[in-house]
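A.B. asks: Encoded as structure tokens, here's the structure I'll be asking about.
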Amino acid sequence: MSYQIGSYRLKSKLLLAPMAGITDRPYRDVCRQYGAGLTSSEMITSDLSLIHTKKSQQRLPQRNEPGPRAAQIVGTEPEIMAEAARFNVAHGAHIIDINMGCPAKKVCNKAAGSALMQDINLVKKILHEVVNAVDVPVTLKIRTGWAKTKRNALTVAKIAEDAGIASLAVHGRTRNQGYTGYAEFETIRQIKKSLSIPILANGDIKTVEDAYFIFDYTNVDGLMLGRISHGRPWIFKEINDILLNNSPITPIPIKEKKTTAISHIDAIHRYYGTDQGVRIARKHIGWYLSNLVGHKADLLKPLTREIFPISDANEQLEKLDETLNSLWT
């Protein structure tokens with residue numbers, strides 16, 4: 001079962017959510033390996049004066065990355081965002097995604113991300129400018145609204161469809177909720193009933209069972225997975241197996257999970273260089289260990305206390321390998 005964005009027919013209805021500081025090239029690669037239909041860059045600034053910094057360059061989709069390649073842009077000024085879209089397409093992006101879903105204060109304090117949903121006229125201008133600026137599909141990610149009493153996702157969704165947005169992802173929380181409380185999916189269900197473009201549901205997908213329920217209840221075209229994939233990239237295969245392929249989950253051998261964790265951390269070292277790579281790898285190691293020691297949860301803190309202080313890349317990999325092997329002897 002596939003998902004369509006413009007002329008691109010994806011191999012899966014499961015897409016990886018863009019996540020700042022997380023969905024870098026190594027992370028995108030490992031999630032794609034396990035069946036993510038599309039993986040997007042981290043949030044990229046629309047301020048092209050900052051685009052040549054090392055940090056921004058590392059966030060851009062890479063030309064040697066399998067397609068289709070998606071770049072997510074964030075900003076508040078229509079013309080500047082249109083120029084950023086053109087820049088990313090010129091540098092290899094096949095799909096442009098507009099961020100109107102990020103709840104982070106440093107983003108919202110600049111009236112970007114989900115803060116844009118407070119200004120319908122600005123939303124309309126941004127969408128029209130970006131869609132008309134490029135000849136590739138433009139997608140959009142939003143929340144249900146700014147606050148519980150200000151849910152306007154359906155209004156924004158209709159504006160998006162009219163502007164030519166090719167696919168819409170909706171996180172089932174308001175901006176004020178951040179990632180707290182529970183997502184609600186009735187808004188997403190109503191959006192799907194009202195629009196003809198492909199819709200993705202996002203938020204509170206914590207288990208395969210959650211994925212099944214949300215997919216069935218909202219009748220959406222696909223799901224966007226975020227935090228559930230942390231330290232668990234094989235979740236794409238598990239959900240694809242049971243939800244989309246209508247077959248039992250094929251258990252991933254523990255040996256494969258360990259190999260995946262090691263190869264992912266090694267890829268981080270190679271992508272960023274060993275010094276920066278070691279620091280970035282720590283959060284991923286924590287996530288992998290949290291998932292892989294589930295039956296021995298009392299060991300998690302002692303294990304991370306041993307690994308996290310390590311500053312040498314080879315030593316970090318060796319210690320992780322030794323730790324994982326010690327859990328299954």
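Chain labels run A, B, ... following the order of the structure tokens; each chain numbers its residues from 1, and ligands are numbered from 1 in the order shown.
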Within 9 Å of Glu83 of chain A, counting only C-alpha atoms, which residues show up once you throw out same-chain ones fewer than 3 positions away? Write them as a list in words, please.

C.D. replies: Ser46, Leu48, Pro78, Glu79, Ile80, Arg86, Phe87, Asn88, Val130 and Ala133 of chain A

A.B. asks: Need the shell around segment 222-236 of chain A: protein/DNA/RNA residues with any atom at most 7 Å away, counting only C-alpha atoms. Skip same-chain ones fewer than 6 positions apart. Format as a VMD selection string?

C.D. replies: chain A and resid 3 13 to 17 30 to 31 34 to 36 199 to 202 205 to 206 284 287 to 288 291

A.B. asks: Find the residues near Glu184 of chain A: any atom within 9 Å, counting only C-alpha atoms, skip ones fewer than 5 places away on the same chain, and give them as number ranges by chain.

C.D. replies: A: 144, 171-173, 203-204

A.B. asks: Just write the chosen residues, N, CA and C atoms, as a PDB file, in the first residue's frame.

C.D. replies:
```pdb
ATOM      1  N   THR A 144      -3.753  21.022  15.651  1.00  0.00           N
ATOM      2  CA  THR A 144      -5.204  21.213  15.617  1.00  0.00           C
ATOM      3  C   THR A 144      -5.588  22.671  15.841  1.00  0.00           C
ATOM      4  N   HIS A 171      -0.940  17.036  13.447  1.00  0.00           N
ATOM      5  CA  HIS A 171      -0.654  16.537  14.796  1.00  0.00           C
ATOM      6  C   HIS A 171      -1.879  16.807  15.650  1.00  0.00           C
ATOM      7  N   GLY A 172      -2.317  15.793  16.384  1.00  0.00           N
ATOM      8  CA  GLY A 172      -3.581  15.887  17.109  1.00  0.00           C
ATOM      9  C   GLY A 172      -3.552  16.655  18.415  1.00  0.00           C
ATOM     10  N   ARG A 173      -2.623  17.595  18.557  1.00  0.00           N
ATOM     11  CA  ARG A 173      -2.576  18.454  19.744  1.00  0.00           C
ATOM     12  C   ARG A 173      -2.559  19.916  19.313  1.00  0.00           C
ATOM     13  N   GLY A 203       0.938  12.043  16.059  1.00  0.00           N
ATOM     14  CA  GLY A 203       0.770  12.311  17.483  1.00  0.00           C
ATOM     15  C   GLY A 203       0.215  11.138  18.253  1.00  0.00           C
ATOM     16  N   ASP A 204       0.833  10.827  19.398  1.00  0.00           N
ATOM     17  CA  ASP A 204       0.378   9.752  20.290  1.00  0.00           C
ATOM     18  C   ASP A 204       0.315   8.383  19.633  1.00  0.00           C
TER      19      ASP A 204
END
```

A.B. asks: Where in segment 75-294 of chain A does DSSP assign helix (DSSP H, G or I), given as an MDAnalysis selection string?

C.D. replies: chainID A and resid 78:90 105:108 113:118 120:133 153:163 186:194 208:218 227:229 235:244 254:272 274:292 294

A.B. asks: Mind checking which residues fall within 10 Å of segment 298-311 of chain A, counting only C-alpha atoms, ignoring those fewer than 6 positions away in the same chain, and posting them as an mmCIF file with C-alpha atoms, in the first residue's frame?

C.D. replies:
```
data_model
loop_
_atom_site.group_PDB
_atom_site.id
_atom_site.type_symbol
_atom_site.label_atom_id
_atom_site.label_comp_id
_atom_site.auth_asym_id
_atom_site.auth_seq_id
_atom_site.Cartn_x
_atom_site.Cartn_y
_atom_site.Cartn_z
ATOM 1 C CA THR A 274 34.146 11.803 15.795
ATOM 2 C CA ASP A 275 34.078 14.685 18.320
ATOM 3 C CA GLN A 276 30.646 16.061 17.391
ATOM 4 C CA GLY A 277 29.434 12.570 16.520
ATOM 5 C CA VAL A 278 30.132 11.187 19.992
ATOM 6 C CA ARG A 279 28.062 13.934 21.590
ATOM 7 C CA ALA A 281 25.234 9.759 19.477
ATOM 8 C CA ARG A 282 24.567 9.793 23.226
ATOM 9 C CA LYS A 283 20.832 10.493 22.973
ATOM 10 C CA ILE A 285 22.370 5.303 22.543
ATOM 11 C CA GLY A 286 20.026 6.160 25.407
ATOM 12 C CA LEU A 289 19.231 0.975 25.359
ATOM 13 C CA SER A 290 15.831 2.038 26.694
ATOM 14 C CA ASN A 291 14.153 -0.101 24.033
ATOM 15 C CA LEU A 292 16.547 -3.034 24.119
ATOM 16 C CA LEU A 317 31.181 1.946 19.916
ATOM 17 C CA GLU A 318 33.137 -0.785 21.688
ATOM 18 C CA LYS A 319 31.402 -0.091 25.000
ATOM 19 C CA LEU A 320 27.966 -0.085 23.364
ATOM 20 C CA THR A 323 26.936 -3.615 26.766
ATOM 21 C CA LEU A 324 24.459 -5.022 24.251
ATOM 22 C CA LEU A 327 22.431 -8.309 27.980
#
```

A.B. asks: Using only C-alpha atoms for the distances, tell me which of A:Gln118, A:Gln316, A:Gln190, A:Ser263 is nearest to Lys150 of chain A.

C.D. replies: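 Among the listed residues, A:Gln118 lies closest to Lys150 of chain A.
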
A.B. asks: Extract the full set of strand (DSSP E or B) residues from segment 101-314 of chain A according to DSSP on the backbone, and format it as a list of chain:residue names.

C.D. replies: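 DSSP on the backbone gives strand (DSSP E or B) at A:Val138, A:Thr139, A:Leu140, A:Lys141, A:Ile142, A:Arg143, A:Thr144, A:Gly145, A:Arg151, A:Ser167, A:Leu168, A:Ala169, A:Val170, A:His171, A:Gly172, A:Arg173, A:Thr174, A:Ile199, A:Leu200, A:Ala201, A:Asn202, A:Gly222, A:Leu223, A:Met224, A:Leu225.
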
A.B. asks: A:Lys124, A:Lys255, A:Arg63, A:Lys141: which is nearest Asp97 of chain A, counting only C-alpha atoms?

C.D. replies: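 So, comparing all the options, the nearest one is A:Lys141.
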
A.B. asks: What does the distance from atom CA of Ala157 of chain A to atom CA of Thr174 of chain A come to in Å, to one decimal?

C.D. replies: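 According to the coordinates, atom CA of Ala157 of chain A and atom CA of Thr174 of chain A are separated by 14.5 Å.
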